[in-house]
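**Q** For reference, this is query_10.cif, and it has mmCIF, C-alpha atoms.
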```cif
data_start
loop_
_atom_site.label_atom_id
_atom_site.label_comp_id
_atom_site.auth_asym_id
_atom_site.auth_seq_id
_atom_site.Cartn_x
_atom_site.Cartn_y
_atom_site.Cartn_z
CA MET A 1 -132.89 -11.62 -63.89
CA THR A 2 -133.84 -15.03 -62.64
CA GLU A 3 -137.06 -16.81 -61.85
CA PRO A 4 -138.37 -16.75 -58.27
CA CYS A 5 -137.46 -19.62 -55.98
CA PRO A 6 -139.55 -22.70 -56.79
CA GLY A 7 -139.81 -23.51 -53.07
CA CYS A 8 -141.13 -20.26 -51.61
CA GLY A 9 -142.01 -18.28 -54.75
CA GLN A 10 -140.00 -15.26 -53.53
CA LEU A 11 -137.06 -13.51 -55.11
CA ASP A 12 -135.78 -11.27 -52.30
CA GLN A 13 -133.50 -13.88 -50.64
CA VAL A 14 -132.14 -15.36 -53.88
CA GLN A 15 -128.49 -15.04 -54.85
CA ARG A 16 -126.24 -16.62 -57.44
CA VAL A 17 -124.26 -19.59 -56.12
CA PRO A 18 -120.80 -18.04 -56.81
CA ALA A 19 -121.80 -14.92 -54.84
CA VAL A 20 -122.98 -17.02 -51.89
CA TYR A 21 -119.80 -19.08 -52.02
CA ASP A 22 -117.51 -16.03 -52.16
CA GLY A 23 -119.51 -14.21 -49.49
CA GLY A 24 -119.14 -17.16 -47.14
CA HIS A 25 -115.37 -16.74 -46.93
CA ALA A 26 -114.08 -14.27 -44.34
CA PHE A 27 -110.37 -13.58 -44.09
CA PHE A 28 -108.99 -12.50 -40.73
CA ARG A 29 -105.67 -11.36 -39.31
CA GLY A 30 -104.77 -10.29 -35.82
CA GLN A 31 -102.47 -10.48 -32.83
CA GLY A 32 -102.21 -13.69 -30.87
CA PRO A 33 -102.01 -13.84 -27.09
CA VAL A 34 -99.03 -12.31 -25.29
CA VAL A 35 -96.73 -15.03 -23.95
CA PRO A 36 -94.03 -14.38 -21.31
CA ILE A 37 -90.72 -16.13 -22.05
CA PRO A 38 -87.99 -16.28 -19.39
CA ALA A 39 -84.74 -14.87 -20.74
CA GLY A 40 -81.78 -14.73 -18.38
CA ASP A 41 -82.66 -12.56 -15.38
CA GLY A 42 -85.76 -11.04 -17.00
CA VAL A 43 -88.83 -11.93 -18.98
CA VAL A 44 -89.48 -11.17 -22.63
CA TYR A 45 -93.08 -10.79 -23.75
CA THR A 46 -93.89 -11.93 -27.25
CA SER A 47 -96.99 -12.45 -29.36
CA SER A 48 -97.67 -14.00 -32.71
CA GLN A 49 -99.57 -13.04 -35.81
CA VAL A 50 -102.77 -15.00 -36.36
CA SER A 51 -104.41 -15.22 -39.77
CA GLY A 52 -106.75 -17.53 -41.57
CA VAL A 53 -110.00 -18.03 -43.41
CA SER A 54 -113.38 -18.65 -41.87
CA VAL A 55 -115.79 -20.53 -44.16
CA SER A 56 -119.53 -20.57 -43.48
CA ALA A 57 -121.48 -23.83 -43.57
CA VAL A 58 -123.45 -22.63 -46.62
CA ALA A 59 -120.28 -21.81 -48.55
CA ARG A 60 -118.81 -25.17 -47.60
CA SER A 61 -121.96 -26.95 -48.77
CA LEU A 62 -121.78 -25.18 -52.14
CA ASP A 63 -118.07 -25.84 -52.75
CA PRO A 64 -118.03 -27.33 -56.25
CA PHE A 65 -114.58 -28.84 -56.25
CA PRO A 66 -113.21 -31.84 -54.36
CA PRO A 67 -110.56 -31.08 -51.76
CA PRO A 68 -107.02 -31.32 -53.06
CA ARG A 69 -105.17 -34.46 -52.12
CA ARG A 70 -101.55 -34.51 -51.20
CA GLY A 71 -99.23 -37.27 -52.35
CA GLY A 72 -96.36 -36.55 -49.97
CA GLY A 73 -97.27 -39.42 -47.68
CA LEU A 74 -97.13 -41.90 -50.54
CA VAL A 75 -93.78 -40.61 -51.74
CA ALA A 76 -92.39 -40.85 -48.20
CA ALA A 77 -93.73 -44.41 -47.93
CA VAL A 78 -92.00 -45.41 -51.17
CA LEU A 79 -88.71 -43.93 -49.98
CA ALA A 80 -88.99 -45.71 -46.62
CA LEU A 81 -89.87 -49.03 -48.29
CA VAL A 82 -86.98 -48.78 -50.73
CA LEU A 83 -84.61 -48.01 -47.84
CA VAL A 84 -85.89 -50.98 -45.84
CA GLY A 85 -85.73 -53.21 -48.92
CA SER A 86 -82.14 -52.19 -49.48
CA CYS A 87 -81.30 -53.17 -45.90
CA PHE A 88 -82.94 -56.55 -46.43
CA LEU A 89 -81.04 -56.91 -49.70
CA ALA A 90 -77.77 -56.63 -47.78
CA LEU A 91 -78.55 -59.97 -46.11
CA PRO A 92 -78.19 -62.18 -49.22
CA LEU A 93 -75.17 -60.19 -50.38
CA SER A 94 -73.43 -60.84 -47.07
CA SER A 95 -74.06 -64.59 -47.34
CA VAL A 96 -72.24 -64.86 -50.70
CA ASP A 97 -68.84 -64.84 -48.97
CA ASP A 98 -69.86 -67.51 -46.45
CA PRO A 99 -72.08 -70.01 -48.33
CA PRO A 100 -74.10 -72.56 -46.37
CA PRO A 101 -72.91 -76.16 -46.51
CA GLY A 102 -74.53 -78.51 -48.99
CA GLY A 103 -73.64 -77.47 -52.49
CA PRO A 104 -74.91 -75.09 -55.20
CA ALA A 105 -78.61 -76.04 -54.92
CA THR A 106 -78.66 -75.38 -51.18
CA ARG A 107 -76.74 -72.15 -51.72
CA ALA A 108 -79.29 -70.91 -54.30
CA LEU A 109 -82.20 -71.87 -52.04
CA GLY A 110 -80.58 -70.12 -49.07
CA ILE A 111 -80.04 -66.92 -51.05
CA ALA A 112 -83.63 -67.07 -52.36
CA VAL A 113 -85.04 -67.48 -48.84
CA ILE A 114 -82.90 -64.67 -47.47
CA SER A 115 -83.92 -62.44 -50.43
CA LEU A 116 -87.63 -63.03 -49.86
CA PRO A 117 -88.11 -60.15 -47.34
CA ALA A 118 -86.43 -57.70 -49.72
CA LEU A 119 -88.62 -58.91 -52.57
CA CYS A 120 -91.77 -58.47 -50.45
CA VAL A 121 -90.75 -54.93 -49.47
CA TYR A 122 -90.03 -54.02 -53.11
CA ILE A 123 -93.43 -55.41 -54.15
CA ALA A 124 -95.04 -53.25 -51.45
CA ALA A 125 -93.13 -50.23 -52.81
CA GLY A 126 -94.43 -51.06 -56.28
CA VAL A 127 -98.00 -51.15 -54.97
CA VAL A 128 -97.55 -47.76 -53.31
CA ILE A 129 -96.12 -46.34 -56.56
CA TRP A 130 -99.16 -47.74 -58.39
CA LEU A 131 -101.47 -46.02 -55.87
CA TYR A 132 -99.59 -42.75 -56.34
CA VAL A 133 -99.93 -42.97 -60.14
CA ARG A 134 -103.67 -43.62 -59.75
CA ARG A 135 -104.00 -40.56 -57.52
CA VAL A 136 -102.11 -38.37 -60.01
CA ARG A 137 -104.33 -39.58 -62.86
CA ALA A 138 -107.50 -38.90 -60.85
CA HIS A 139 -106.22 -35.40 -60.06
CA ARG A 140 -105.56 -34.74 -63.77
CA ARG A 141 -109.06 -35.95 -64.64
CA GLN A 142 -110.51 -33.60 -62.05
CA ARG A 143 -108.50 -30.68 -63.40
CA ARG A 144 -109.75 -31.36 -66.94
CA GLY A 145 -113.35 -31.38 -65.69
CA VAL A 146 -113.15 -28.13 -63.73
CA PRO A 147 -114.26 -25.82 -66.60
CA ALA A 148 -117.37 -27.91 -67.32
CA ALA A 149 -118.18 -28.17 -63.62
CA ARG A 150 -117.69 -24.44 -63.10
CA GLN A 151 -120.05 -23.70 -65.98
CA VAL A 152 -122.86 -25.70 -64.34
CA TRP A 153 -122.00 -24.33 -60.88
CA GLU A 154 -122.24 -20.72 -62.06
CA GLN A 155 -125.77 -21.26 -63.37
CA GLY A 156 -127.14 -22.15 -59.93
CA TRP A 157 -129.22 -19.85 -57.74
CA PHE A 158 -129.37 -20.20 -53.94
CA CYS A 159 -132.45 -19.29 -51.89
CA HIS A 160 -131.46 -18.25 -48.37
CA ARG A 161 -135.04 -18.63 -47.18
CA CYS A 162 -135.41 -22.27 -48.32
CA GLY A 163 -131.73 -23.28 -48.15
CA GLY A 164 -131.88 -24.87 -51.58
CA VAL A 165 -130.38 -24.40 -55.02
CA TYR A 166 -132.19 -24.24 -58.32
CA PHE A 167 -131.54 -23.54 -61.96
CA ALA A 168 -133.60 -20.79 -63.56
CA ASP A 169 -134.89 -23.08 -66.30
CA ALA A 170 -135.39 -26.27 -64.22
CA GLY A 171 -138.10 -25.14 -61.83
CA ARG A 172 -137.33 -27.46 -58.89
CA LEU A 173 -135.43 -26.90 -55.67
CA LEU A 174 -132.35 -29.04 -55.03
CA THR A 175 -130.47 -29.66 -51.81
CA PRO A 176 -126.89 -28.34 -51.82
CA ALA A 177 -125.61 -31.93 -51.73
CA HIS A 178 -127.63 -32.89 -54.82
CA PHE A 179 -126.47 -29.71 -56.55
CA ARG A 180 -122.85 -30.63 -55.81
CA GLN A 181 -123.46 -34.09 -57.29
CA LEU A 182 -124.77 -32.50 -60.50
CA VAL A 183 -121.72 -30.24 -60.67
CA ALA A 184 -119.37 -33.17 -60.06
CA ARG A 185 -121.13 -35.25 -62.70
CA ALA A 186 -120.76 -32.39 -65.21
CA GLY A 187 -117.04 -32.23 -64.41
CA GLY A 188 -116.60 -35.98 -64.59
CA TYR A 189 -115.38 -36.36 -61.02
CA GLU A 190 -118.33 -37.71 -59.10
CA ARG A 191 -117.68 -38.26 -55.43
#
```
As a first step, turn the structure in this file into structure tokens.
**A**
Amino acid sequence: MTEPCPGCGQLDQVQRVPAVYDGGHAFFRGQGPVVPIPAGDGVVYTSSQVSGVSVSAVARSLDPFPPPRRGGGLVAAVLALVLVGSCFLALPLSSVDDPPPGGPATRALGIAVISLPALCVYIAAGVVIWLYVRRVRAHRRQRRGVPAARQVWEQGWFCHRCGGVYFADAGRLLTPAHFRQLVARAGGYER
């Protein structure tokens, strides 16, 4: 058993944080609205399946883990930049057959100037790749810290009367935001 809430001194509205978090998720499934669709001389009525998860504000405030980040946008940006850079790279290659007048120094300078946009685009692609690698490393660090964060998170108690979280041995009431900071610090992925 736990200690009473340090805020109100009561125990009847106290629950473990994982139980509050799990209880705040409601899964639903149902029929969507009926939609008439014209088909030839008649009308076909159709409806869709609707399903999802409803998360309470308390459960959301006690969520111990950062939201997952997707890297698809960065990968798409790298592919687009490489494609654009390749198009720009076609410019200096097309000028090799028809060199500008003036000699080898002018020719080298002309090719360098024409190659500059491609170089800039490839540098931008390199920066985006660097950002993607940083995001992957941060995600790995978060994954390594999840067991330690979960251990601290599971020790918390939530008082529904006061709206705060406390640890049985600490004796002071924390806001859910401060509790999440402690959990993140234990996991090594402070927000």
**Q** Which residues fall under the PyMOL selection byres ((chain A and resi 36) around 9) in this file, as a ChimeraX atom specification?
**A** /A:34-35,37-38,43-47
**Q** Name the closest residue to Ala118 of chain A among the candidates A:Val20, A:Trp153, A:Gly85, A:Gln15; distances are taken between atoms, counting only C-alpha atoms.
**A**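 Result for the nearest residue to Ala118 of chain A: A:Gly85.
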**Q** Residues within 9 Å of Phe27 of chain A, please, as an mmCIF file with C-alpha atoms, keeping the file's coordinate frame. Count all atoms listed in the file; anything in the same chain fewer than 2 positions from it doesn't count.
**A**
```cif
data_model
loop_
_atom_site.group_PDB
_atom_site.id
_atom_site.type_symbol
_atom_site.label_atom_id
_atom_site.label_comp_id
_atom_site.auth_asym_id
_atom_site.auth_seq_id
_atom_site.Cartn_x
_atom_site.Cartn_y
_atom_site.Cartn_z
ATOM 1 C CA HIS A 25 -115.370 -16.740 -46.930
ATOM 2 C CA ARG A 29 -105.670 -11.360 -39.310
ATOM 3 C CA SER A 51 -104.410 -15.220 -39.770
ATOM 4 C CA GLY A 52 -106.750 -17.530 -41.570
ATOM 5 C CA VAL A 53 -110.000 -18.030 -43.410
ATOM 6 C CA SER A 54 -113.380 -18.650 -41.870
ATOM 7 C CA VAL A 55 -115.790 -20.530 -44.160
#
```
**Q** Given the point (-134.4, -22.9, -56.9) in the file's coordinates, find the residues that have an atom at most 10 Å from it, counting only C-alpha atoms, and give them as number ranges by chain.
**A** A: 2-9, 11, 14, 156-159, 162-175
**Q** Counting only C-alpha atoms, which of A:Gln49, A:Gln151, A:Gln31, A:Gln142 gets nearest to Gly188 of chain A?
**A**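 With only C-alpha atoms as the atom set, the closest residue is A:Gln142.
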**Q** Point out the residue among A:Pro66, A:Leu74, A:Ser48, A:Ser56 with the least atom-to-atom distance to Trp130 of chain A, counting all atoms listed in the file.
**A**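 Distance minimum relative to Trp130 of chain A lands on A:Leu74.
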**Q** For this file, the PyMOL selection byres ((chain A and resi 117) around 12) selects which residues, as a PyMOL selection string?
**A** chain A and resi 81-82+84-92+111-116+118-124
**Q** For the file shown, what are the residues hit by the PyMOL selection byres ((chain A and resi 145) around 8), laid out as a list in words?
**A**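 Written out, the selection comes to Arg141, Gln142, Arg143, Arg144, Val146, Pro147, Ala148, Ala149, Ala186, Gly187, Gly188 and Tyr189 of chain A.
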**Q** Got time to write the residues from that selection, C-alpha atoms, as a CSV table (one decimal), keeping the file's coordinate frame?
**A**
```csv
chain,number,residue,atom,x,y,z
A,141,ARG,CA,-109.1,-36.0,-64.6
A,142,GLN,CA,-110.5,-33.6,-62.0
A,143,ARG,CA,-108.5,-30.7,-63.4
A,144,ARG,CA,-109.8,-31.4,-66.9
A,146,VAL,CA,-113.2,-28.1,-63.7
A,147,PRO,CA,-114.3,-25.8,-66.6
A,148,ALA,CA,-117.4,-27.9,-67.3
A,149,ALA,CA,-118.2,-28.2,-63.6
A,186,ALA,CA,-120.8,-32.4,-65.2
A,187,GLY,CA,-117.0,-32.2,-64.4
A,188,GLY,CA,-116.6,-36.0,-64.6
A,189,TYR,CA,-115.4,-36.4,-61.0
```
**Q** As an exercise, work out the distance from atom CA of Arg180 of chain A to atom CA of Arg16 of chain A in Å and give it to one decimal place.
**A** 14.5 Å
**Q** How many Å lie between atom CA of Val58 of chain A and atom CA of Val17 of chain A, rounded to one decimal?
**A**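 Result for atom CA of Val58 of chain A versus atom CA of Val17 of chain A: 10.0 Å, one decimal.
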**Q** Between atom CA of Leu182 of chain A and atom CA of Gln155 of chain A, measure the distance and give it in Å to one decimal.
**A**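 For atom CA of Leu182 of chain A relative to atom CA of Gln155 of chain A, the distance reads 11.6 Å.
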**Q** Pick the closest to Arg185 of chain A from A:Gly110, A:Pro64, A:Gly24, A:Gly126: which is it, counting only C-alpha atoms?
**A** A:Pro64
